[in-house]
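**Student:** My structure file entry_18.txt, compact mmCIF, C-alpha atoms and all ligand atoms, is below:
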```txt
# COMPACT_ATOMS: atom_id res chain seq x y z
CA MET K 282 -12.01 2.59 31.08
CA HIS K 283 -13.34 3.48 34.57
CA GLN K 284 -9.91 4.64 35.64
CA ARG K 285 -9.72 6.76 32.51
CA ILE K 286 -13.08 8.36 33.31
CA ASN K 287 -11.93 9.07 36.88
CA GLU K 288 -8.82 10.78 35.54
CA ILE K 289 -10.97 12.92 33.33
CA ILE K 290 -13.33 13.83 36.18
CA ASN K 291 -10.31 14.77 38.29
CA ASP K 292 -9.05 16.92 35.48
CA GLY K 293 -12.47 18.56 35.46
CA ILE K 294 -12.83 18.41 31.68
CA ALA K 295 -16.60 18.18 31.52
CA GLY K 296 -16.96 18.12 27.73
CA LEU K 297 -14.43 15.39 27.24
CA PHE K 298 -16.00 13.42 30.12
CA LEU K 299 -19.38 13.47 28.38
CA TYR K 300 -17.75 12.36 25.16
CA GLU K 301 -16.01 9.45 26.92
CA VAL K 302 -19.21 8.36 28.65
CA GLU K 303 -21.07 8.48 25.37
CA THR K 304 -18.34 6.41 23.74
CA LEU K 305 -18.40 3.92 26.61
CA LEU K 306 -22.18 3.56 26.31
CA MET K 307 -21.87 3.00 22.57
CA HIS K 308 -19.24 0.32 23.15
CA ASN K 309 -21.67 -1.44 25.44
CA ASP K 310 -24.68 -0.91 23.20
CA GLY K 311 -25.38 -4.34 21.81
CA GLY K 312 -21.70 -5.25 22.23
CA LYS K 313 -21.28 -5.53 18.45
CA THR K 314 -17.89 -3.86 18.15
CA ASP K 315 -15.39 -1.73 19.99
CA ILE K 316 -14.58 0.09 16.80
CA MET K 317 -16.76 3.19 16.99
CA ASN K 318 -14.62 6.24 16.11
CA ILE K 319 -13.97 6.15 12.41
CA LEU K 320 -11.72 8.42 10.39
CA LEU K 321 -12.54 8.53 6.69
CA THR K 322 -9.86 9.81 4.34
CA GLY K 323 -11.50 11.15 1.18
CA GLY K 324 -14.81 11.08 3.03
CA ALA K 325 -16.24 14.06 1.11
CA GLY K 326 -16.10 12.11 -2.16
CA TYR K 327 -18.70 9.96 -3.84
CA ILE K 328 -18.31 6.66 -1.98
CA GLY K 329 -17.03 8.30 1.21
CA SER K 330 -20.04 10.57 1.64
CA HIS K 331 -22.47 7.65 1.26
CA THR K 332 -20.43 5.64 3.75
CA CYS K 333 -20.62 8.57 6.19
CA VAL K 334 -24.43 8.30 6.06
CA VAL K 335 -24.41 4.59 6.81
CA LEU K 336 -21.91 4.96 9.68
CA LEU K 337 -23.68 7.92 11.28
CA GLU K 338 -27.01 6.14 11.09
CA GLN K 339 -25.44 3.19 12.93
CA GLY K 340 -24.21 5.45 15.74
CA TYR K 341 -20.53 5.67 14.78
CA HIS K 342 -18.55 8.86 15.36
CA VAL K 343 -17.29 10.08 12.01
CA MET K 344 -14.24 12.20 11.23
CA VAL K 345 -13.24 13.14 7.68
CA ILE K 346 -9.91 14.25 6.20
CA ASP K 347 -10.25 15.51 2.63
CA ASN K 348 -8.29 18.03 0.57
CA LEU K 349 -11.38 18.56 -1.63
CA CYS K 350 -9.34 18.07 -4.84
CA ASN K 351 -12.25 16.11 -6.31
CA SER K 352 -15.18 16.93 -4.04
CA LYS K 353 -16.97 19.71 -2.19
CA ALA K 354 -17.52 20.24 1.52
CA GLU K 355 -21.21 20.67 0.66
CA SER K 356 -21.46 16.87 0.35
CA LEU K 357 -20.74 16.56 4.08
CA LYS K 358 -23.29 19.26 4.95
CA ARG K 359 -25.84 17.23 3.01
CA VAL K 360 -24.81 14.09 4.91
CA GLU K 361 -25.45 15.99 8.15
CA LYS K 362 -28.84 17.02 6.80
CA ILE K 363 -29.78 13.44 5.91
CA THR K 364 -28.67 11.99 9.25
CA GLY K 365 -29.19 14.90 11.65
CA LYS K 366 -25.69 14.11 13.00
CA LYS K 367 -22.38 15.95 12.99
CA ILE K 368 -19.17 15.14 11.13
CA LEU K 369 -15.81 16.41 12.29
CA PHE K 370 -14.28 17.65 9.03
CA TYR K 371 -10.61 18.45 8.46
CA HIS K 372 -9.70 20.16 5.19
CA GLU K 373 -6.27 18.57 4.94
CA ASP K 374 -4.04 16.81 2.45
CA LEU K 375 -3.12 13.29 3.44
CA ARG K 376 0.45 13.90 2.33
CA ASN K 377 0.96 16.53 5.04
CA PRO K 378 2.33 14.42 7.93
CA ALA K 379 2.20 17.18 10.55
CA GLY K 380 -1.43 18.01 9.77
CA VAL K 381 -2.54 14.37 9.72
CA ASP K 382 -0.63 13.55 12.90
CA ALA K 383 -2.30 16.46 14.71
CA ILE K 384 -5.72 15.04 13.77
CA PHE K 385 -4.82 11.65 15.26
CA ARG K 386 -3.51 13.29 18.41
CA GLN K 387 -6.63 15.41 18.85
CA ASN K 388 -9.08 12.55 18.42
CA GLU K 389 -9.72 9.03 19.53
CA VAL K 390 -9.56 7.00 16.32
CA ASP K 391 -10.41 3.29 16.34
CA ALA K 392 -10.25 2.63 12.61
CA VAL K 393 -9.58 4.36 9.31
CA ILE K 394 -11.43 3.89 6.04
CA HIS K 395 -9.02 5.05 3.36
CA PHE K 396 -10.91 6.36 0.34
CA ALA K 397 -8.59 9.27 -0.54
CA GLY K 398 -7.01 8.87 -3.93
CA LEU K 399 -7.09 9.99 -7.54
CA LYS K 400 -9.19 7.67 -9.70
CA SER K 401 -9.19 8.60 -13.38
CA VAL K 402 -7.54 5.97 -15.55
CA ALA K 403 -6.95 8.34 -18.49
CA GLU K 404 -5.49 11.05 -16.26
CA SER K 405 -3.21 8.51 -14.61
CA VAL K 406 -1.75 7.62 -18.00
CA ASP K 407 -0.96 11.32 -18.62
CA GLN K 408 0.23 12.07 -15.06
CA PRO K 409 1.72 8.88 -13.60
CA LEU K 410 3.90 10.70 -11.06
CA ASN K 411 0.94 12.62 -9.73
CA TYR K 412 -1.01 9.38 -9.32
CA TYR K 413 1.80 7.48 -7.62
CA GLN K 414 2.62 10.48 -5.45
CA ASN K 415 -0.94 11.06 -4.34
CA ASN K 416 -2.16 7.50 -3.98
CA ILE K 417 0.97 5.75 -2.72
CA SER K 418 2.65 8.54 -0.74
CA GLY K 419 -0.71 9.45 0.80
CA THR K 420 -1.14 5.85 1.95
CA LEU K 421 2.41 5.67 3.34
CA VAL K 422 1.96 8.86 5.34
CA LEU K 423 -1.37 7.60 6.65
CA CYS K 424 -0.02 4.21 7.72
CA GLU K 425 3.07 5.69 9.38
CA ILE K 426 0.92 8.05 11.40
CA MET K 427 -1.58 5.34 12.26
CA GLN K 428 1.30 3.18 13.47
CA ALA K 429 2.81 5.99 15.53
CA ASN K 430 -0.56 6.60 17.17
CA GLY K 431 -1.32 2.93 17.78
CA VAL K 432 -4.25 2.80 15.34
CA LYS K 433 -4.04 -0.46 13.40
CA ASN K 434 -7.48 -1.05 11.90
CA LEU K 435 -7.72 -0.07 8.24
CA VAL K 436 -10.21 -0.53 5.43
CA PHE K 437 -8.72 0.24 2.01
CA SER K 438 -10.61 1.17 -1.18
CA SER K 439 -9.18 -1.12 -3.78
CA SER K 440 -10.72 -1.87 -7.14
CA ALA K 441 -11.66 -4.67 -9.49
CA THR K 442 -9.17 -2.99 -11.80
CA VAL K 443 -6.45 -5.04 -9.99
CA TYR K 444 -7.72 -8.13 -11.85
CA GLY K 445 -6.74 -6.57 -15.20
CA ASN K 446 -8.38 -8.53 -18.00
CA PRO K 447 -9.78 -11.52 -16.09
CA GLU K 448 -9.22 -14.97 -17.58
CA THR K 449 -12.60 -16.17 -16.31
CA VAL K 450 -15.74 -14.70 -14.81
CA PRO K 451 -17.13 -14.48 -12.19
CA ILE K 452 -13.90 -13.28 -10.60
CA ASP K 453 -13.01 -14.52 -7.14
CA GLU K 454 -10.41 -13.05 -4.81
CA ASN K 455 -7.79 -15.65 -5.77
CA ALA K 456 -7.84 -14.71 -9.45
CA PRO K 457 -4.50 -13.51 -10.84
CA VAL K 458 -3.88 -9.79 -10.50
CA GLY K 459 -2.20 -7.39 -12.90
CA ALA K 460 -3.02 -3.83 -13.84
CA PHE K 461 -2.80 -2.00 -17.18
CA ASN K 462 -2.34 1.60 -16.15
CA PRO K 463 -0.81 3.77 -13.39
CA TYR K 464 -4.14 4.09 -11.55
CA GLY K 465 -4.59 0.33 -11.42
CA ARG K 466 -0.95 -0.22 -10.52
CA SER K 467 -1.20 2.29 -7.67
CA LYS K 468 -4.03 0.15 -6.21
CA LEU K 469 -2.05 -3.02 -6.68
CA PHE K 470 1.10 -1.55 -5.12
CA ILE K 471 -0.87 -0.31 -2.13
CA GLU K 472 -2.37 -3.78 -1.67
CA GLU K 473 1.20 -5.16 -1.63
CA ILE K 474 2.40 -2.52 0.83
CA LEU K 475 -0.49 -3.25 3.18
CA THR K 476 0.14 -6.98 2.89
CA ASP K 477 3.78 -6.44 3.90
CA LEU K 478 2.67 -4.28 6.79
CA SER K 479 0.33 -6.94 8.12
CA LEU K 480 3.04 -9.60 7.75
CA ALA K 481 5.48 -7.48 9.73
CA ASP K 482 3.08 -6.60 12.54
CA LYS K 483 0.25 -8.94 13.43
CA ALA K 484 -1.52 -6.19 15.35
CA TRP K 485 -2.71 -4.68 12.07
CA ASN K 486 -6.19 -5.61 10.81
CA ILE K 487 -6.66 -4.62 7.20
CA ALA K 488 -9.57 -5.14 4.83
CA LEU K 489 -8.78 -4.72 1.13
CA LEU K 490 -12.15 -4.07 -0.52
CA ARG K 491 -12.15 -4.54 -4.27
CA TYR K 492 -15.06 -2.50 -5.55
CA PHE K 493 -16.69 -3.36 -8.85
CA ASN K 494 -18.61 -0.51 -10.56
CA PRO K 495 -20.29 1.79 -8.02
CA VAL K 496 -23.35 3.68 -9.33
CA GLY K 497 -26.54 5.25 -7.97
CA ALA K 498 -27.01 7.66 -5.12
CA HIS K 499 -28.61 8.04 -1.71
CA PRO K 500 -32.41 7.75 -2.14
CA SER K 501 -32.92 11.26 -0.70
CA GLY K 502 -31.39 12.75 -3.86
CA LEU K 503 -29.24 14.96 -1.61
CA ILE K 504 -25.88 13.31 -2.32
CA GLY K 505 -24.52 11.51 -5.36
CA GLU K 506 -21.66 11.36 -7.83
CA ASP K 507 -20.48 14.81 -8.91
CA PRO K 508 -17.69 14.53 -11.49
CA SER K 509 -15.69 17.75 -11.73
CA ASP K 510 -15.02 17.38 -15.48
CA LEU K 511 -16.53 15.43 -18.33
CA PRO K 512 -17.49 12.08 -16.77
CA ASN K 513 -15.25 9.12 -17.68
CA ASN K 514 -17.57 6.47 -16.35
CA LEU K 515 -20.74 5.23 -17.98
CA MET K 516 -23.44 6.06 -15.45
CA PRO K 517 -22.57 9.69 -14.70
CA TYR K 518 -22.26 10.21 -18.46
CA VAL K 519 -25.70 8.69 -19.09
CA SER K 520 -27.19 10.82 -16.26
CA GLN K 521 -25.79 13.99 -17.80
CA VAL K 522 -27.21 13.08 -21.20
CA ALA K 523 -30.61 12.46 -19.57
CA VAL K 524 -30.58 15.85 -17.84
CA GLY K 525 -29.57 17.60 -21.09
CA LYS K 526 -26.02 18.62 -20.13
CA LEU K 527 -24.50 16.30 -22.75
CA THR K 528 -26.01 15.56 -26.14
CA GLU K 529 -25.37 11.86 -26.65
CA LEU K 530 -23.64 8.87 -25.16
CA ARG K 531 -20.69 7.39 -26.98
CA VAL K 532 -20.88 3.60 -26.66
CA PHE K 533 -17.31 2.32 -26.75
CA GLY K 534 -17.51 -0.78 -28.92
CA ASP K 535 -20.32 -3.13 -29.97
CA ASP K 536 -18.08 -5.93 -31.22
CA TYR K 537 -17.15 -7.61 -27.94
CA ASP K 538 -17.96 -11.25 -27.41
CA THR K 539 -20.99 -10.42 -25.25
CA PRO K 540 -24.73 -10.93 -25.91
CA ASP K 541 -25.22 -7.48 -27.52
CA GLY K 542 -21.56 -6.75 -28.31
CA THR K 543 -21.15 -4.00 -25.67
CA GLY K 544 -19.02 -4.23 -22.53
CA VAL K 545 -20.40 -6.03 -19.48
CA ARG K 546 -19.78 -4.84 -15.91
CA ASP K 547 -20.90 -5.55 -12.36
CA TYR K 548 -22.71 -2.34 -11.34
CA ILE K 549 -23.24 -2.03 -7.61
CA HIS K 550 -25.46 0.49 -5.81
CA VAL K 551 -23.29 2.88 -3.82
CA MET K 552 -25.48 2.34 -0.72
CA ASP K 553 -24.82 -1.40 -0.89
CA LEU K 554 -21.13 -0.61 -1.23
CA ALA K 555 -21.29 1.77 1.73
CA GLU K 556 -22.93 -0.96 3.82
CA GLY K 557 -20.07 -3.27 2.85
CA HIS K 558 -17.73 -0.93 4.74
CA LEU K 559 -19.82 -1.30 7.86
CA SER K 560 -19.54 -5.09 7.58
CA ALA K 561 -15.78 -4.78 7.02
CA LEU K 562 -15.40 -2.67 10.19
CA GLU K 563 -17.30 -5.28 12.16
CA LYS K 564 -14.97 -7.92 10.72
CA LEU K 565 -11.89 -5.93 11.80
CA ALA K 566 -13.15 -6.03 15.37
CA SER K 567 -12.51 -9.82 15.34
CA ASN K 568 -8.76 -9.30 14.64
CA PRO K 569 -8.66 -11.10 11.30
CA GLY K 570 -5.28 -9.80 10.11
CA LEU K 571 -5.37 -8.99 6.39
CA VAL K 572 -8.54 -9.91 4.51
CA THR K 573 -9.57 -9.25 0.91
CA TYR K 574 -13.14 -9.07 -0.41
CA ASN K 575 -14.85 -8.41 -3.70
CA LEU K 576 -17.73 -5.99 -3.29
CA GLY K 577 -19.94 -6.61 -6.28
CA THR K 578 -23.35 -8.06 -7.05
CA GLY K 579 -22.22 -11.08 -9.06
CA LYS K 580 -24.35 -9.96 -12.03
CA GLY K 581 -23.10 -8.41 -15.25
CA TYR K 582 -25.03 -5.91 -17.38
CA SER K 583 -24.07 -4.57 -20.78
CA VAL K 584 -23.83 -0.89 -21.70
CA LEU K 585 -27.05 -1.11 -23.70
CA GLU K 586 -28.88 -2.87 -20.86
CA MET K 587 -27.86 -0.06 -18.52
CA VAL K 588 -29.02 2.54 -21.03
CA ALA K 589 -32.41 0.82 -21.33
CA ALA K 590 -32.76 0.59 -17.52
CA PHE K 591 -31.90 4.26 -17.17
CA GLU K 592 -34.40 5.24 -19.85
CA SER K 593 -37.20 3.46 -18.08
CA ALA K 594 -36.22 4.84 -14.65
CA SER K 595 -35.97 8.41 -15.89
CA GLY K 596 -38.58 8.47 -18.65
CA LYS K 597 -35.89 10.16 -20.79
CA GLN K 598 -34.48 8.94 -24.04
CA ILE K 599 -30.71 8.49 -24.13
CA PRO K 600 -29.42 9.11 -27.65
CA TYR K 601 -26.23 7.17 -28.31
CA LYS K 602 -23.68 6.55 -31.02
CA ILE K 603 -21.57 3.42 -31.40
CA MET K 604 -17.86 4.25 -31.40
CA GLY K 605 -14.64 2.23 -31.51
CA ARG K 606 -13.46 0.43 -28.39
CA ARG K 607 -11.93 2.58 -25.63
CA PRO K 608 -8.23 1.72 -25.24
CA GLY K 609 -7.60 -0.37 -22.13
CA ASP K 610 -11.23 -1.55 -21.83
CA ILE K 611 -11.96 -5.19 -21.12
CA PRO K 612 -14.98 -7.07 -22.49
CA VAL K 613 -16.53 -8.56 -19.35
CA CYS K 614 -16.00 -8.12 -15.63
CA TYR K 615 -18.19 -9.30 -12.77
CA ALA K 616 -17.58 -10.53 -9.27
CA ASN K 617 -17.98 -13.70 -7.38
CA PRO K 618 -19.11 -11.99 -4.17
CA SER K 619 -19.63 -15.18 -2.14
CA LEU K 620 -16.62 -14.69 0.16
CA ALA K 621 -18.01 -11.37 1.42
CA GLU K 622 -21.38 -13.04 1.92
CA LYS K 623 -19.83 -15.93 3.86
CA GLU K 624 -17.35 -13.99 5.99
CA LEU K 625 -18.95 -10.56 6.30
CA GLY K 626 -22.59 -11.55 6.09
CA TRP K 627 -22.90 -8.88 3.40
CA THR K 628 -24.62 -9.02 0.02
CA ALA K 629 -25.70 -6.32 -2.40
CA ARG K 630 -29.49 -5.98 -2.16
CA ARG K 631 -30.37 -3.29 -4.70
CA GLY K 632 -30.98 -4.01 -8.38
CA ILE K 633 -30.31 -1.96 -11.51
CA ASP K 634 -33.75 -0.33 -11.53
CA GLU K 635 -33.07 1.12 -8.08
CA MET K 636 -29.53 2.12 -9.11
CA CYS K 637 -30.89 4.02 -12.10
CA ALA K 638 -33.85 5.57 -10.24
CA ASP K 639 -31.59 6.87 -7.47
CA ALA K 640 -28.93 8.12 -9.90
CA TRP K 641 -31.64 9.95 -11.83
CA ARG K 642 -33.21 11.49 -8.69
CA TRP K 643 -29.82 12.89 -7.66
CA GLN K 644 -29.00 14.19 -11.17
CA SER K 645 -32.41 15.72 -11.84
CA ILE K 646 -32.59 17.51 -8.47
CA ASN K 647 -28.95 18.63 -8.75
CA PRO K 648 -28.24 19.13 -12.46
CA ASN K 649 -24.99 20.93 -11.59
CA GLY K 650 -24.00 18.64 -8.74
CA PHE K 651 -23.16 20.32 -5.43
CA VAL K 652 -22.58 23.76 -6.99
P1 LIG K 701 -13.86 10.58 -5.20
O1 LIG K 701 -12.86 11.26 -6.05
O2 LIG K 701 -15.26 11.04 -5.25
O3 LIG K 701 -13.36 10.58 -3.67
C1 LIG K 701 -12.00 10.58 -3.32
C2 LIG K 701 -11.79 11.69 -2.32
O4 LIG K 701 -10.42 11.74 -1.92
C3 LIG K 701 -12.13 13.08 -2.89
O5 LIG K 701 -13.03 13.72 -2.03
C4 LIG K 701 -10.78 13.80 -2.94
O6 LIG K 701 -10.93 15.18 -2.73
C5 LIG K 701 -10.03 13.09 -1.82
N1 LIG K 701 -8.56 13.09 -1.95
C6 LIG K 701 -7.82 12.70 -3.01
N2 LIG K 701 -6.51 12.83 -2.74
C7 LIG K 701 -6.42 13.29 -1.47
C8 LIG K 701 -5.34 13.63 -0.62
N3 LIG K 701 -4.07 13.52 -1.01
N4 LIG K 701 -5.62 14.09 0.63
C9 LIG K 701 -6.89 14.21 1.05
N5 LIG K 701 -7.96 13.93 0.29
C10 LIG K 701 -7.72 13.46 -0.96
O7 LIG K 701 -13.77 9.02 -5.55
P2 LIG K 701 -14.72 7.84 -5.11
O8 LIG K 701 -15.44 7.38 -6.33
O9 LIG K 701 -15.48 8.20 -3.92
O10 LIG K 701 -13.63 6.73 -4.79
C11 LIG K 701 -13.15 6.52 -3.48
C12 LIG K 701 -12.03 5.50 -3.54
O11 LIG K 701 -12.53 4.30 -4.11
C13 LIG K 701 -10.84 5.92 -4.39
O12 LIG K 701 -9.66 5.47 -3.76
C14 LIG K 701 -11.05 5.17 -5.69
O13 LIG K 701 -9.84 4.89 -6.35
C15 LIG K 701 -11.71 3.90 -5.19
N6 LIG K 701 -12.55 3.25 -6.23
C16 LIG K 701 -13.52 3.98 -6.83
C17 LIG K 701 -14.29 3.39 -7.82
C18 LIG K 701 -15.36 4.18 -8.53
O14 LIG K 701 -15.78 3.76 -9.60
N7 LIG K 701 -15.84 5.29 -8.01
C19 LIG K 701 -14.07 2.05 -8.17
C20 LIG K 701 -13.07 1.35 -7.51
C21 LIG K 701 -12.31 1.96 -6.53
C1 LIG K 702 -13.29 2.23 -15.32
C2 LIG K 702 -11.78 2.09 -15.27
C3 LIG K 702 -11.43 1.24 -14.08
C4 LIG K 702 -11.98 1.86 -12.79
C5 LIG K 702 -13.49 2.04 -12.95
C6 LIG K 702 -14.11 2.73 -11.77
C7 LIG K 702 -11.02 2.29 -17.59
C8 LIG K 702 -10.39 1.56 -18.73
N1 LIG K 702 -11.32 1.51 -16.53
O1 LIG K 702 -13.82 0.94 -15.37
O2 LIG K 702 -10.03 1.11 -13.96
O3 LIG K 702 -11.73 1.03 -11.68
O4 LIG K 702 -13.76 2.82 -14.12
O5 LIG K 702 -13.68 4.06 -11.69
O6 LIG K 702 -11.22 3.48 -17.62
N2 LIG K 702 -18.64 3.18 -21.55
C9 LIG K 702 -19.20 3.70 -22.69
N3 LIG K 702 -19.29 5.05 -22.81
C10 LIG K 702 -18.84 5.92 -21.85
C11 LIG K 702 -18.26 5.37 -20.68
C12 LIG K 702 -18.17 4.00 -20.57
O7 LIG K 702 -19.60 2.96 -23.57
O8 LIG K 702 -18.93 7.14 -22.03
C13 LIG K 702 -18.58 1.72 -21.39
C14 LIG K 702 -17.19 1.16 -21.23
O9 LIG K 702 -16.63 0.88 -22.46
C15 LIG K 702 -17.45 -0.07 -20.36
C16 LIG K 702 -18.65 0.32 -19.51
O10 LIG K 702 -19.27 1.41 -20.19
O11 LIG K 702 -17.81 -1.16 -21.17
C17 LIG K 702 -18.29 0.78 -18.11
O12 LIG K 702 -17.31 1.80 -18.20
P1 LIG K 702 -16.84 2.65 -16.93
O13 LIG K 702 -18.02 3.15 -16.22
O14 LIG K 702 -15.84 3.65 -17.40
O15 LIG K 702 -16.17 1.57 -15.98
P2 LIG K 702 -14.99 0.52 -16.29
O16 LIG K 702 -14.53 0.58 -17.68
O17 LIG K 702 -15.46 -0.79 -15.79
```
Take the structure in the file and write it out as C-alpha cells.
Ligand code: NAD
Ligand code: UD1
**Tutor:**
Amino acid sequence: MHQRINEIINDGIAGLFLYEVETLLMHNDGGKTDIMNILLTGGAGYIGSHTCVVLLEQGYHVMVIDNLCNSKAESLKRVEKITGKKILFYHEDLRNPAGVDAIFRQNEVDAVIHFAGLKSVAESVDQPLNYYQNNISGTLVLCEIMQANGVKNLVFSSSATVYGNPETVPIDENAPVGAFNPYGRSKLFIEEILTDLSLADKAWNIALLRYFNPVGAHPSGLIGEDPSDLPNNLMPYVSQVAVGKLTELRVFGDDYDTPDGTGVRDYIHVMDLAEGHLSALEKLASNPGLVTYNLGTGKGYSVLEMVAAFESASGKQIPYKIMGRRPGDIPVCYANPSLAEKELGWTARRGIDEMCADAWRWQSINPNGFV
C-alpha cells in the first residue's frame, strides 16, 4: 500500500492520493475488515437504499448502479440527507457490459451487494423472458465483469421464495428448495450459478441471503417502500389503505390451517435486514467461500395480526374484505435464523410494532412516495 501511495504522489494526483490515504486509514480503523468500498446494484430500491444508510453510517464508501426501472434517484438524495455522506451514483443498466465495466475500472471496488432485479411474482408469470433476462443475464454480466476486474466478494439478494411450500417450519437453510414461478426460479437459478462459480474458483466469497418478508422503513420517515403500481405485498397495501389511497384490504384466504385462518409470514424490519448485509460483508472478509443464510426473525404473524398491529401503530382503521386464496400462496412461512446468529452474530432486533410504526411514518409523511 505504501508503494502504491508513493506512486500516486509521484504522479502528483492530489485528489486520488487523499482518497487512498482515507481508504488506508479506514482499513486500519479498528481492523474489522478490508472490505470498505462497496458497489450496490439496485441500490436506489427499497432494501438497497436502507442498506446504503447502514453502510455509510459505518464509514463504508458506497457506489450505486441502478437503472431506476423500479425506483427513483430521490431515494439516494434522501439517504445522503439522513447520513450527511455522499453516494457515487451511476444511472446504468446492469445488462450493459461496457457501462458496468467502465464503473469497475473507474473505482476501487472491494465487494458488490447485488440487489438489482425484478421482483413481482405476478408480473414474472406474465413476462417470464423479461424476468429471466433481467435477473439472470444481469447477474451473469455482473459476475463476468467482477471476475475480469478481480473483484470476488459478492452478497446476493435471494429470497425465502426458493423454499417453495416448506414441508416444515421454521425453515432452515438445508430445507429442500423448489420454486413455483419464474421470479422464484430466477432466484434459484442464480443461487445455482453462484454455487458453480464458487466451486470453480475458490477465490470467490459469496453470501446468498434469503430474505423473508421485509417491511417497515427508516425511522426518519425519509425513505421507505415506494411501489410504482398497485402494491402486491401486504404491508405496502395496508399502508396505502391507512393513508386513504386505497379503500380496503383484500385478505387472501381465511381458511388456511393457521390460528385465525389467514396466511402466516416472517416479517422483518428493513433496517434489521440492512444490518444483515453489514454482517455478511464482515463475514466475506474471512474468506468463507460460499455461504447461505436466512435473514428472518423466526416469528410468524398472520395477516390479521399484522392488520391489528398496523391499526394500533397508526391509529387508523383498516377496512378489509375476506377473499379467496391468492394463487401460488403458501399457508405458513417463517425462518430458523439461528445460523445467521451463530455465524454472522446477527439477529433481527425490531418487533412488529416498530415495523408498523416506521412503515406508517414513511407513508403518512410521503403519501405519494418519492414523487
Ligand atoms: P426494488 O425493486 O425496490 O429494488 C431493486 C432495484 O433494482 C430497483 O431500484 C431497480 O430499479 C433496480 N434494477 C432492476 N433491474 C435492474 C437492472 N437490470 N440494472 C440496474 N438496476 C436494476 O426491490 P427491493 O425490494 O429493494 O429488492 C431488492 C432485491 O431483494 C431484489 O433482488 C429482490 O428480488 C430481493 N428480494 C426482495 C424481497 C422483498 O420483499 N422486497 C424479498 C426477497 C428478496
Ligand atoms: C410474496 C411473493 C414471494 C416474494 C415476496 C416478497 C407471492 C405468491 N409470493 O410473498 O415470492 O418473495 O412476496 O416480495 O406473490 N396478502 C393479503 N392481501 C394482500 C397482499 C397479501 O391478504 O393484498 C397476504 C398473502 O396472502 C400472504 C401475506 O399477506 O398470506 C403476505 O403476502 P405478501 O406480502 O405478498 O408476501 P408473500 O406472499 O410472503
**Student:** What is the atom C2 of ligand LIG 702 (chain K) to CA of Leu565 in chain K distance in Å?
**Tutor:** 28.2 Å
**Student:** Once you count only C-alpha atoms and all ligand atoms, what closest atom pair and distance in Å to one decimal does each residue of chain K within 6 Å of ligand LIG 701 (chain K) have, with rows by chain and rising residue number, as CSV?
**Tutor:**
```
residue,atom,partner,partner_atom,distance
K:Gly323,CA,K:LIG701,O4,3.3
K:Gly324,CA,K:LIG701,O5,6.0
K:Ala325,CA,K:LIG701,O5,4.5
K:Gly326,CA,K:LIG701,O2,3.4
K:Tyr327,CA,K:LIG701,O9,3.7
K:Ile328,CA,K:LIG701,O9,3.8
K:Gly329,CA,K:LIG701,O9,5.4
K:Ile346,CA,K:LIG701,C9,6.0
K:Asp347,CA,K:LIG701,N5,3.6
K:Asn348,CA,K:LIG701,C9,4.1
K:Leu349,CA,K:LIG701,O6,3.6
K:Cys350,CA,K:LIG701,O6,3.9
K:Asn351,CA,K:LIG701,O6,3.9
K:Ser352,CA,K:LIG701,O5,4.4
K:Glu373,CA,K:LIG701,C9,5.9
K:Asp374,CA,K:LIG701,N4,3.6
K:Leu375,CA,K:LIG701,N4,3.8
K:Arg376,CA,K:LIG701,N3,5.6
K:Phe396,CA,K:LIG701,C12,4.1
K:Ala397,CA,K:LIG701,O4,3.4
K:Gly398,CA,K:LIG701,C6,4.0
K:Leu399,CA,K:LIG701,C6,5.3
K:Lys400,CA,K:LIG701,O13,4.4
K:Asn415,CA,K:LIG701,N3,5.2
K:Gly419,CA,K:LIG701,N3,5.6
K:Ser438,CA,K:LIG701,O11,4.7
K:Ser439,CA,K:LIG701,C21,5.2
K:Ser440,CA,K:LIG701,C20,4.0
K:Tyr492,CA,K:LIG701,C20,4.8
K:Asn494,CA,K:LIG701,O14,5.2
K:Pro495,CA,K:LIG701,O14,5.2
```
**Student:** Do you know which residues are at most 10 Å from Asp553 in chain K counting only C-alpha atoms, after dropping those on the same chain fewer than 2 positions away, and could you put them as an NGL selection string?
**Tutor:** :K and (331-332 or 335 or 495-497 or 549-551 or 555-558 or 576-578 or 627-631)
**Student:** Generate a file of the selected residues that holds C-alpha atoms, formatted as a PDB file, in the frame of the given file.
**Tutor:**
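So the final result, stored in part-v2.pdb, reads:
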```pdb
ATOM      1  CA  HIS K 331     -22.470   7.650   1.260  1.00  0.00           C
ATOM      2  CA  THR K 332     -20.430   5.640   3.750  1.00  0.00           C
ATOM      3  CA  VAL K 335     -24.410   4.590   6.810  1.00  0.00           C
ATOM      4  CA  PRO K 495     -20.290   1.790  -8.020  1.00  0.00           C
ATOM      5  CA  VAL K 496     -23.350   3.680  -9.330  1.00  0.00           C
ATOM      6  CA  GLY K 497     -26.540   5.250  -7.970  1.00  0.00           C
ATOM      7  CA  ILE K 549     -23.240  -2.030  -7.610  1.00  0.00           C
ATOM      8  CA  HIS K 550     -25.460   0.490  -5.810  1.00  0.00           C
ATOM      9  CA  VAL K 551     -23.290   2.880  -3.820  1.00  0.00           C
ATOM     10  CA  ALA K 555     -21.290   1.770   1.730  1.00  0.00           C
ATOM     11  CA  GLU K 556     -22.930  -0.960   3.820  1.00  0.00           C
ATOM     12  CA  GLY K 557     -20.070  -3.270   2.850  1.00  0.00           C
ATOM     13  CA  HIS K 558     -17.730  -0.930   4.740  1.00  0.00           C
ATOM     14  CA  LEU K 576     -17.730  -5.990  -3.290  1.00  0.00           C
ATOM     15  CA  GLY K 577     -19.940  -6.610  -6.280  1.00  0.00           C
ATOM     16  CA  THR K 578     -23.350  -8.060  -7.050  1.00  0.00           C
ATOM     17  CA  TRP K 627     -22.900  -8.880   3.400  1.00  0.00           C
ATOM     18  CA  THR K 628     -24.620  -9.020   0.020  1.00  0.00           C
ATOM     19  CA  ALA K 629     -25.700  -6.320  -2.400  1.00  0.00           C
ATOM     20  CA  ARG K 630     -29.490  -5.980  -2.160  1.00  0.00           C
ATOM     21  CA  ARG K 631     -30.370  -3.290  -4.700  1.00  0.00           C
TER      22      ARG K 631
END
```
**Student:** Can you work out which residues are within 9 Å of ligand LIG 702 (chain K), considering only C-alpha atoms and all ligand atoms, and then hand them over as a ChimeraX atom specification?
**Tutor:** /K:400-403,439-443,445,460-462,464-465,492-496,512-519,530-535,543-548,583-585,587,603-604,606-614
**Student:** How many Å lie between CA of Leu435 in chain K and CA of Asn486 in chain K, rounded to one decimal?
**Tutor:**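 Separating CA of Leu435 in chain K from CA of Asn486 in chain K is a distance of 6.3 Å.
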